[in-house]
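Okay, protein-v1.csv is below, CSV, C-alpha atoms:
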chain,number,residue,atom,x,y,z
A,15,MET,CA,-59.3,-27.8,-41.5
A,16,LYS,CA,-59.8,-30.7,-39.1
A,17,ASN,CA,-58.3,-33.1,-41.6
A,18,LEU,CA,-55.3,-30.9,-41.9
A,19,ARG,CA,-54.9,-30.9,-38.1
A,20,ILE,CA,-55.1,-34.6,-37.9
A,21,PHE,CA,-52.6,-34.9,-40.8
A,22,ILE,CA,-50.1,-32.6,-39.0
A,23,LEU,CA,-50.6,-34.3,-35.7
A,24,SER,CA,-50.0,-37.7,-37.2
A,25,PHE,CA,-47.0,-36.4,-38.9
A,26,VAL,CA,-45.5,-35.0,-35.7
A,27,PHE,CA,-46.3,-38.3,-34.0
A,28,ALA,CA,-44.5,-40.3,-36.7
A,29,LEU,CA,-41.5,-38.0,-36.4
A,30,SER,CA,-41.3,-38.4,-32.6
A,31,VAL,CA,-41.5,-42.1,-32.9
A,32,SER,CA,-38.9,-42.4,-35.6
A,33,ALA,CA,-36.6,-40.2,-33.6
A,34,VAL,CA,-36.4,-43.1,-31.1
A,35,LYS,CA,-36.8,-46.1,-33.3
A,36,ALA,CA,-37.7,-48.7,-30.7
A,37,GLN,CA,-40.3,-51.2,-31.6
A,38,GLY,CA,-43.8,-50.8,-30.2
A,39,PRO,CA,-45.7,-47.6,-29.9
A,40,ILE,CA,-43.8,-46.0,-27.0
A,41,PRO,CA,-40.1,-46.2,-26.4
A,42,ASN,CA,-39.2,-47.2,-22.9
A,43,ILE,CA,-35.9,-46.7,-21.0
A,44,THR,CA,-35.8,-50.3,-19.9
A,45,ASP,CA,-35.6,-51.5,-23.5
A,46,TYR,CA,-32.0,-52.8,-23.9
A,47,ARG,CA,-31.8,-51.0,-27.2
A,48,LEU,CA,-32.1,-47.7,-25.4
A,49,ASP,CA,-30.5,-48.4,-22.1
A,50,PHE,CA,-27.0,-47.3,-21.5
A,51,THR,CA,-24.5,-46.7,-18.7
A,52,VAL,CA,-22.4,-43.6,-18.5
A,53,ALA,CA,-19.4,-42.6,-16.4
A,54,GLY,CA,-20.3,-40.2,-13.6
A,55,MET,CA,-18.2,-37.3,-12.1
A,56,LYS,CA,-16.5,-39.3,-9.3
A,57,GLY,CA,-15.6,-42.5,-11.0
A,58,ASP,CA,-19.1,-43.8,-10.4
A,59,SER,CA,-21.5,-44.9,-13.2
A,60,ILE,CA,-25.1,-44.2,-14.0
A,61,LYS,CA,-27.4,-46.7,-15.7
A,62,LEU,CA,-30.3,-45.1,-17.5
A,63,SER,CA,-32.9,-47.8,-16.6
A,64,SER,CA,-32.2,-47.3,-12.9
A,65,LEU,CA,-34.1,-44.0,-13.1
A,66,LYS,CA,-37.3,-45.8,-13.8
A,67,GLY,CA,-40.0,-44.5,-11.4
A,68,LYS,CA,-38.9,-40.9,-11.8
A,69,VAL,CA,-40.1,-38.1,-14.0
A,70,PHE,CA,-36.9,-37.0,-15.6
A,71,LEU,CA,-35.3,-35.3,-18.6
A,72,LEU,CA,-32.6,-37.1,-20.5
A,73,ASP,CA,-30.5,-34.3,-22.0
A,74,PHE,CA,-27.6,-34.7,-24.5
A,75,TRP,CA,-25.1,-31.9,-24.7
A,76,ALA,CA,-21.4,-31.1,-25.0
A,77,SER,CA,-19.1,-28.3,-23.7
A,78,TRP,CA,-18.4,-27.0,-27.2
A,79,CYS,CA,-22.1,-26.7,-28.1
A,80,GLY,CA,-23.1,-23.1,-27.5
A,81,PRO,CA,-26.9,-23.7,-27.7
A,82,CYS,CA,-26.5,-26.5,-25.1
A,83,ARG,CA,-24.7,-24.2,-22.7
A,84,TYR,CA,-27.6,-21.8,-23.0
A,85,SER,CA,-30.1,-24.6,-22.5
A,86,ASN,CA,-28.2,-25.6,-19.3
A,87,LYS,CA,-29.0,-22.2,-17.9
A,88,GLN,CA,-32.7,-22.9,-18.4
A,89,LEU,CA,-32.4,-26.3,-16.9
A,90,VAL,CA,-30.7,-24.9,-13.7
A,91,LYS,CA,-33.9,-22.8,-13.2
A,92,PHE,CA,-36.2,-25.8,-13.9
A,93,TYR,CA,-34.3,-28.0,-11.6
A,94,GLY,CA,-34.3,-25.5,-8.8
A,95,LYS,CA,-38.0,-25.2,-9.1
A,96,TYR,CA,-39.1,-28.8,-9.5
A,97,LYS,CA,-36.4,-31.0,-7.9
A,98,ASP,CA,-38.2,-31.1,-4.5
A,99,LYS,CA,-41.4,-32.2,-6.3
A,100,GLY,CA,-39.7,-35.2,-7.8
A,101,PHE,CA,-38.2,-33.9,-11.0
A,102,GLU,CA,-34.8,-35.2,-12.1
A,103,ILE,CA,-32.4,-34.6,-15.0
A,104,LEU,CA,-29.8,-36.9,-16.5
A,105,SER,CA,-27.3,-34.9,-18.6
A,106,VAL,CA,-25.1,-36.9,-20.9
A,107,SER,CA,-22.1,-35.1,-22.3
A,108,LEU,CA,-20.7,-36.2,-25.6
A,109,ASP,CA,-17.4,-34.5,-25.0
A,110,ASP,CA,-14.2,-36.2,-26.0
A,111,GLU,CA,-12.3,-34.9,-23.1
A,112,LYS,CA,-13.4,-35.5,-19.5
A,113,SER,CA,-11.7,-32.3,-18.4
A,114,ASP,CA,-13.7,-30.2,-20.9
A,115,TRP,CA,-16.9,-31.8,-19.6
A,116,LYS,CA,-16.0,-31.2,-15.9
A,117,LYS,CA,-15.0,-27.6,-16.5
A,118,ALA,CA,-18.2,-26.8,-18.3
A,119,ALA,CA,-20.5,-28.7,-15.9
A,120,THR,CA,-19.0,-26.8,-13.0
A,121,LYS,CA,-19.3,-23.5,-14.8
A,122,ASP,CA,-22.9,-24.1,-15.8
A,123,LYS,CA,-23.7,-25.2,-12.2
A,124,ILE,CA,-25.0,-28.6,-13.0
A,125,THR,CA,-26.0,-30.2,-9.7
A,126,TRP,CA,-28.2,-33.0,-11.1
A,127,LEU,CA,-27.3,-36.4,-12.3
A,128,GLN,CA,-24.8,-36.4,-15.1
A,129,GLY,CA,-22.4,-38.5,-17.0
A,130,ILE,CA,-20.2,-38.6,-20.0
A,131,ASP,CA,-20.2,-40.8,-23.0
A,132,GLN,CA,-17.0,-39.9,-24.9
A,133,GLY,CA,-17.0,-40.0,-28.7
A,134,GLY,CA,-19.2,-37.3,-30.0
A,135,TRP,CA,-21.8,-38.6,-32.5
A,136,ASP,CA,-20.2,-42.0,-32.3
A,137,ALA,CA,-20.9,-42.4,-28.5
A,138,LEU,CA,-23.0,-45.4,-27.9
A,139,ALA,CA,-25.8,-43.5,-26.0
A,140,ALA,CA,-26.0,-41.0,-28.9
A,141,ILE,CA,-26.3,-43.8,-31.4
A,142,LYS,CA,-28.9,-45.6,-29.4
A,143,TRP,CA,-31.1,-42.5,-29.0
A,144,GLN,CA,-30.3,-41.4,-32.6
A,145,VAL,CA,-29.1,-38.1,-31.5
A,146,ASP,CA,-28.1,-36.2,-34.6
A,147,ALA,CA,-28.0,-32.7,-33.2
A,148,ILE,CA,-27.5,-31.2,-29.7
A,149,PRO,CA,-29.0,-30.1,-27.5
A,150,ALA,CA,-31.4,-33.1,-27.6
A,151,SER,CA,-33.8,-33.8,-24.8
A,152,PHE,CA,-36.2,-36.6,-24.0
A,153,LEU,CA,-38.9,-36.3,-21.3
A,154,ILE,CA,-39.5,-39.6,-19.5
A,155,ASN,CA,-42.5,-40.4,-17.3
A,156,LYS,CA,-42.6,-42.6,-14.1
A,157,ASN,CA,-43.1,-45.7,-16.3
A,158,GLY,CA,-39.9,-45.0,-18.1
A,159,ASP,CA,-41.8,-44.1,-21.3
A,160,VAL,CA,-40.5,-41.3,-23.6
A,161,VAL,CA,-43.4,-38.8,-23.6
A,162,ALA,CA,-41.8,-35.9,-25.4
A,163,ILE,CA,-38.8,-34.9,-27.4
A,164,ASN,CA,-37.0,-31.5,-27.6
A,165,LEU,CA,-39.7,-29.4,-26.0
A,166,GLU,CA,-39.1,-25.7,-25.8
A,167,LYS,CA,-39.1,-24.1,-22.4
A,168,GLY,CA,-42.8,-23.3,-22.0
A,169,GLU,CA,-44.0,-26.6,-23.2
A,170,LEU,CA,-41.5,-28.5,-21.1
A,171,GLU,CA,-42.6,-26.8,-17.9
A,172,LYS,CA,-46.2,-27.5,-18.7
A,173,LYS,CA,-45.5,-31.2,-19.4
A,174,ILE,CA,-43.3,-31.5,-16.3
A,175,LYS,CA,-46.1,-30.2,-14.1
A,176,GLU,CA,-48.6,-32.6,-15.8
A,177,LEU,CA,-46.3,-35.6,-15.2
A,178,LEU,CA,-45.6,-34.6,-11.6
A,179,GLU,CA,-49.4,-34.1,-11.2
A,180,LEU,CA,-48.9,-30.5,-10.0
A,181,LYS,CA,-51.4,-27.8,-10.4
B,44,MET,CA,15.0,-54.8,-69.5
B,45,LYS,CA,13.3,-54.3,-66.2
B,46,LYS,CA,15.8,-51.7,-65.3
B,47,ILE,CA,15.2,-49.8,-68.5
B,48,LEU,CA,11.5,-49.8,-67.8
B,49,LEU,CA,12.0,-48.5,-64.3
B,50,LEU,CA,14.2,-45.8,-65.6
B,51,LEU,CA,11.7,-44.9,-68.3
B,52,LEU,CA,9.0,-44.8,-65.6
B,53,ALA,CA,11.1,-42.6,-63.4
B,54,ALA,CA,11.8,-40.3,-66.3
B,55,ILE,CA,8.1,-40.0,-67.1
B,56,ILE,CA,7.3,-39.2,-63.5
B,57,CYS,CA,10.1,-36.6,-63.5
B,58,ILE,CA,9.0,-34.9,-66.7
B,59,GLY,CA,5.3,-34.9,-65.9
B,60,GLY,CA,5.6,-34.4,-62.2
B,61,TYR,CA,3.4,-36.5,-59.9
B,62,SER,CA,0.5,-35.4,-57.8
B,63,GLN,CA,-2.3,-37.0,-55.9
B,64,PHE,CA,-4.7,-35.6,-53.3
B,65,SER,CA,-5.2,-37.7,-50.2
B,66,LYS,CA,-7.2,-35.7,-47.8
B,67,ALA,CA,-9.0,-32.4,-47.0
B,68,SER,CA,-9.8,-30.3,-44.0
B,69,LEU,CA,-13.0,-28.3,-44.0
B,70,GLN,CA,-14.7,-25.8,-41.7
B,71,ALA,CA,-18.5,-25.3,-42.0
B,72,SER,CA,-20.4,-22.3,-40.9
B,73,GLY,CA,-24.0,-21.3,-40.8
B,74,LEU,CA,-26.7,-19.5,-38.9
B,75,THR,CA,-26.7,-22.2,-36.2
B,76,CYS,CA,-23.9,-24.0,-34.5
B,77,SER,CA,-22.6,-26.2,-37.3
B,78,MET,CA,-20.7,-28.6,-35.0
B,79,CYS,CA,-23.9,-29.2,-33.0
B,80,SER,CA,-25.5,-31.1,-35.9
B,81,LYS,CA,-24.4,-34.3,-37.4
B,82,ALA,CA,-25.7,-33.1,-40.8
B,83,VAL,CA,-22.4,-32.0,-42.2
B,84,LYS,CA,-20.6,-35.1,-41.2
B,85,VAL,CA,-23.3,-37.4,-42.6
B,86,ALA,CA,-23.4,-35.4,-45.9
B,87,LEU,CA,-19.6,-35.6,-46.3
B,88,GLU,CA,-19.6,-39.3,-45.6
B,89,LYS,CA,-22.1,-39.9,-48.4
B,90,VAL,CA,-19.8,-38.4,-51.1
B,91,SER,CA,-18.6,-41.3,-53.2
B,92,PHE,CA,-14.8,-40.8,-53.0
B,93,VAL,CA,-14.8,-40.1,-49.2
B,94,LYS,CA,-13.3,-42.8,-47.1
B,95,GLU,CA,-13.7,-41.3,-43.6
B,96,VAL,CA,-14.8,-38.1,-41.9
B,97,LYS,CA,-13.5,-37.2,-38.4
B,98,VAL,CA,-14.8,-34.2,-36.5
B,99,ASN,CA,-12.2,-32.2,-34.7
B,100,ILE,CA,-14.1,-30.2,-32.1
B,101,LYS,CA,-11.1,-28.2,-31.0
B,102,SER,CA,-10.2,-26.8,-34.4
B,103,GLN,CA,-13.9,-27.0,-35.5
B,104,GLU,CA,-12.7,-28.9,-38.6
B,105,TYR,CA,-13.9,-31.9,-40.5
B,106,ALA,CA,-10.9,-34.1,-41.4
B,107,ILE,CA,-11.8,-35.9,-44.6
B,108,THR,CA,-9.8,-38.8,-45.9
B,109,PHE,CA,-10.2,-39.8,-49.6
B,110,LYS,CA,-10.4,-43.3,-51.0
B,111,GLU,CA,-7.1,-44.3,-52.6
B,112,ASN,CA,-6.7,-43.5,-56.2
B,113,ALA,CA,-10.3,-42.0,-56.3
B,114,ASP,CA,-11.2,-39.2,-58.6
B,115,VAL,CA,-11.8,-36.4,-56.0
B,116,ASP,CA,-14.0,-33.5,-56.7
B,117,PHE,CA,-13.7,-30.6,-54.3
B,118,ASP,CA,-16.9,-29.0,-55.6
B,119,ALA,CA,-18.8,-32.1,-54.6
B,120,LEU,CA,-17.6,-31.7,-51.0
B,121,LYS,CA,-18.7,-28.0,-51.0
B,122,LYS,CA,-22.1,-29.0,-52.5
B,123,ALA,CA,-22.6,-31.6,-49.8
B,124,VAL,CA,-22.0,-29.0,-47.0
B,125,GLU,CA,-24.4,-26.6,-48.7
B,126,ASP,CA,-27.0,-29.3,-49.2
B,127,ALA,CA,-26.8,-30.0,-45.5
B,128,GLY,CA,-27.8,-26.4,-44.9
B,129,PHE,CA,-24.4,-24.9,-44.1
B,130,SER,CA,-21.6,-23.2,-46.0
B,131,VAL,CA,-17.9,-23.8,-46.2
B,132,ALA,CA,-15.8,-21.4,-44.2
B,133,SER,CA,-12.4,-22.9,-44.9
B,134,PHE,CA,-11.1,-25.7,-47.2
B,135,LYS,CA,-7.6,-27.1,-47.2
B,136,VAL,CA,-6.5,-30.0,-49.4
B,137,THR,CA,-3.4,-32.1,-48.9
B,138,GLY,CA,-1.7,-34.2,-51.5
B,139,ASN,CA,1.6,-35.8,-52.4
B,140,PHE,CA,3.8,-34.2,-55.0
B,141,SER,CA,7.0,-35.0,-56.8
B,142,GLU,CA,8.9,-32.4,-58.9
B,143,VAL,CA,5.9,-30.2,-59.6
B,144,ASN,CA,6.8,-26.7,-60.8
B,145,ILE,CA,4.4,-24.0,-59.8
B,146,GLN,CA,4.4,-20.3,-60.5
B,147,THR,CA,2.2,-17.4,-59.4
B,148,ASP,CA,-0.8,-16.8,-61.7
B,149,LYS,CA,0.2,-19.8,-63.8
B,150,HIS,CA,-2.4,-22.5,-64.5
B,151,LEU,CA,-1.3,-26.1,-63.9
B,152,GLN,CA,-3.0,-29.5,-64.0
B,153,LEU,CA,-2.6,-31.6,-60.9
B,154,ASP,CA,-4.3,-35.0,-60.3
B,155,GLY,CA,-6.6,-34.3,-63.2
B,156,LYS,CA,-7.7,-30.8,-61.9
B,157,ASN,CA,-6.7,-27.3,-62.9
B,158,PHE,CA,-5.1,-25.1,-60.4
B,159,HIS,CA,-4.2,-21.4,-60.3
B,160,PHE,CA,-1.7,-20.5,-57.6
B,161,ILE,CA,-2.4,-17.0,-56.3
B,162,ASN,CA,0.6,-16.2,-54.2
B,163,SER,CA,3.0,-19.1,-54.5
B,164,GLY,CA,6.0,-17.5,-56.3
B,165,ASP,CA,8.1,-19.9,-58.3
B,166,LYS,CA,8.5,-23.2,-56.5
B,167,VAL,CA,9.0,-26.9,-56.9
B,168,LEU,CA,6.6,-29.0,-54.9
B,169,ASN,CA,7.9,-32.2,-53.4
B,170,GLY,CA,6.3,-34.5,-50.7
B,171,GLU,CA,3.2,-33.6,-48.8
B,172,GLN,CA,1.8,-30.2,-49.5
B,173,THR,CA,-1.4,-28.4,-48.4
B,174,PHE,CA,-3.3,-25.8,-50.4
B,175,THR,CA,-6.1,-23.6,-49.3
B,176,ILE,CA,-8.8,-23.2,-51.9
B,177,VAL,CA,-9.8,-19.5,-52.2
B,178,ASP,CA,-12.6,-19.8,-54.7
B,179,LYS,CA,-15.9,-18.1,-53.9
B,180,ASP,CA,-18.0,-20.1,-51.4
B,181,PHE,CA,-14.9,-22.1,-50.2
B,182,LEU,CA,-14.1,-19.5,-47.6
B,183,SER,CA,-15.8,-16.5,-45.9
B,184,ALA,CA,-17.0,-13.7,-48.1
B,185,LYS,CA,-14.5,-11.4,-46.4
B,186,ASP,CA,-11.5,-13.6,-47.1
B,187,TYR,CA,-12.7,-14.3,-50.6
B,188,LYS,CA,-12.6,-10.5,-51.3
B,189,LYS,CA,-9.0,-10.3,-50.0
B,190,TYR,CA,-7.7,-13.1,-52.3
B,191,SER,CA,-9.7,-12.2,-55.3
B,192,ALA,CA,-8.1,-8.8,-55.2
B,193,ALA,CA,-4.7,-10.5,-55.2
B,194,THR,CA,-4.8,-11.4,-58.9
B,195,LYS,CA,-5.9,-9.5,-62.0
B,196,MET,CA,-6.9,-12.6,-63.8
B,197,GLU,CA,-10.6,-12.9,-64.4
B,198,CYS,CA,-11.0,-16.6,-63.6
B,199,ILE,CA,-11.0,-16.0,-59.8
B,200,LYS,CA,-14.5,-14.6,-60.1
B,201,THR,CA,-16.0,-17.4,-62.1
B,202,GLY,CA,-13.7,-20.4,-61.1
B,203,LYS,CA,-13.7,-21.2,-64.8
B,204,ALA,CA,-11.1,-20.8,-67.5
B,205,GLY,CA,-11.7,-17.7,-69.7
B,206,SER,CA,-10.6,-17.3,-73.3
B,207,CYS,CA,-7.3,-15.9,-72.0
B,208,CYS,CA,-6.4,-19.3,-70.6
B,209,ALA,CA,-6.1,-21.0,-74.0
B,210,LYS,CA,-2.3,-20.5,-74.0
B,211,ASP,CA,-2.2,-22.8,-71.0
B,212,GLY,CA,-3.8,-25.6,-73.0
B,213,MET,CA,-7.1,-25.2,-71.4
B,214,HIS,CA,-10.6,-25.1,-72.9
B,215,ALA,CA,-12.8,-22.2,-72.1
B,216,ASN,CA,-15.1,-22.9,-69.1
B,217,GLU,CA,-12.9,-25.6,-67.6
B,218,ARG,CA,-13.0,-25.6,-63.8
B,219,ILE,CA,-10.0,-23.9,-62.2
B,220,TYR,CA,-9.4,-24.1,-58.5
B,221,HIS,CA,-7.7,-21.0,-57.1
B,222,VAL,CA,-5.3,-21.9,-54.3
B,223,ILE,CA,-2.8,-20.4,-51.9
B,224,ILE,CA,0.0,-22.2,-50.2
As structure tokens, please, write out the structure in this file.
Amino acid sequence: MKNLRIFILSFVFALSVSAVKAQGPIPNITDYRLDFTVAGMKGDSIKLSSLKGKVFLLDFWASWCGPCRYSNKQLVKFYGKYKDKGFEILSVSLDDEKSDWKKAATKDKITWLQGIDQGGWDALAAIKWQVDAIPASFLINKNGDVVAINLEKGELEKKIKELLELK
Amino acid sequence: MKKILLLLLAAIICIGGYSQFSKASLQASGLTCSMCSKAVKVALEKVSFVKEVKVNIKSQEYAITFKENADVDFDALKKAVEDAGFSVASFKVTGNFSEVNIQTDKHLQLDGKNFHFINSGDKVLNGEQTFTIVDKDFLSAKDYKKYSAATKMECIKTGKAGSCCAKDGMHANERIYHVII
């Protein structure tokens, strides 16, 4: 039984590492192979590695992705609850059209950091992070390390609390 | 001499008709959002005669371009989608034709494949034409029902030539694609 658990755990670990194929045991946002810059809402730009020092969720989505829009609703709740405690989100839209992205972001009430990397699956950020389905989310700790991938709601909240050292 | 050859070639093309498929447009569906996964695109790109796959989010379609002069196999594309965990909801193929005579419920060989036109009427195809494949699993179950009721010929159920097709010069069990224009 114990062996089985170790086997499953090591399998899950191998999966999560291969999802972000950076060398070394833990992928880090300062690695040039993972770092990217996306266009922000007001002509500004956001560089991923500039978020180092924050606990944040890197979330890939698109306006045409129904499950992503549902996930945004959850993120609005999380953000409201934890933003004052130091939690941040960077949403990266893979929309082709900026207007689609802006419309959806406004409708979903996204008030956190967000940018667009046009081009769908061929967008550079999506390629670097090997995003092959959306929504895709990566939880990053203060060191810039990827600590979890695609956590469901309950697990995500638990992990955010842990990283923010909240009780 | 050269002129004669050209004339001969033109004559052959006229008699036999000319047809070649160049691209397809496919919609995938499934229990989850099919566009939200890269799986269908990747699976289609792996098919040997596929040159390029572009995702059109607005029309929810995969635009597939075939390699030039490749032997295309529509069943292989369907299988790729199914192996990726989705199903085909719509499948249109486009090709170039020259003096191809078609008739409703008549079997015809085009680009090495057998076709059965469900609702075409008598027509001569010239230039770029698009067919929609209405065989089972190439469209929604509801649409399949609609089109399979449109012909009395048995082959729409199996997608294969029956004994009745022998008069069209076809062997039993040969694949026949059922299409509408």
Find the residues in chain B near chain A: any atom within 9 Å counts, using only C-alpha atoms. Write them as a count of residues only. 10
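Considering all atoms listed in the file, the residue among B:Asn157, B:Gln63, B:Asp180, B:Lys185 positioned nearest to Lys122 (chain B) is B:Asp180.
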Tell me which protein, DNA and RNA residues are within 7 Å of region 102-105 of chain A, counting all atoms listed in the file, leaving out same-chain ones fewer than 4 positions away, and put them as a ChimeraX atom specification. /A:69-74,97,126-129
Could you tell me how far CA of Ile219 (chain B) lies from CA of Gly73 (chain B), in Å and to one decimal? 25.7 Å
Compile the contact shell of Ser68 (chain B) as a VMD selection string: residues with an atom at most 8 Å away, counting only C-alpha atoms, same-chain residues fewer than 4 positions apart removed. chain B and resid 104 to 107 133 to 136
Which residues are near Tyr96 (chain A)? Cut-off 10 Å, all atoms listed in the file, ignore same chain within fewer than 5 positions. Put them as an MDAnalysis selection string. chainID A and resid 91 101:102 171 174:175 178 180
Grab the residues selected above and save them as an mmCIF file, keeping the file's coordinate frame with C-alpha atoms.
data_model
loop_
_atom_site.group_PDB
_atom_site.id
_atom_site.type_symbol
_atom_site.label_atom_id
_atom_site.label_comp_id
_atom_site.auth_asym_id
_atom_site.auth_seq_id
_atom_site.Cartn_x
_atom_site.Cartn_y
_atom_site.Cartn_z
ATOM 1 C CA LYS A 91 -33.900 -22.800 -13.200
ATOM 2 C CA PHE A 101 -38.200 -33.900 -11.000
ATOM 3 C CA GLU A 102 -34.800 -35.200 -12.100
ATOM 4 C CA GLU A 171 -42.600 -26.800 -17.900
ATOM 5 C CA ILE A 174 -43.300 -31.500 -16.300
ATOM 6 C CA LYS A 175 -46.100 -30.200 -14.100
ATOM 7 C CA LEU A 178 -45.600 -34.600 -11.600
ATOM 8 C CA LEU A 180 -48.900 -30.500 -10.000
#
Expressed in Å to a single decimal, how great is the separation between CA of Ala140 (chain A) and CA of Asp49 (chain A)?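 Spanning CA of Ala140 (chain A) to CA of Asp49 (chain A) is a straight-line distance of 11.0 Å.
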Identify, on the basis of only C-alpha atoms, every residue whose closest approach to Ile60 (chain A) does not exceed 8 Å; exclude the query and any residue fewer than 4 positions from it along the same chain; express the result as a VMD selection string. chain A and resid 51 to 54 64 128 to 129
Considering only C-alpha atoms, return as a PyMOL selection string whatever protein or nucleic-acid residues lie within 9 Å of region 156-166 of chain A, sequence-local ones (same chain, fewer than 5 positions apart) excluded. chain A and resi 30+33-34+40-44+63+65-70+149-151+171+173+177-178
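Counting from CA of Asn86 (chain A), the distance to CA of Leu62 (chain A) is 19.7 Å.
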Of the candidates B:Lys84, B:Lys66, B:His221, B:His159, which shows the shortest atom-to-atom distance to Asn112 (chain B), using only C-alpha atoms?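 Of all the options, B:Lys66 lies closest to Asn112 (chain B).
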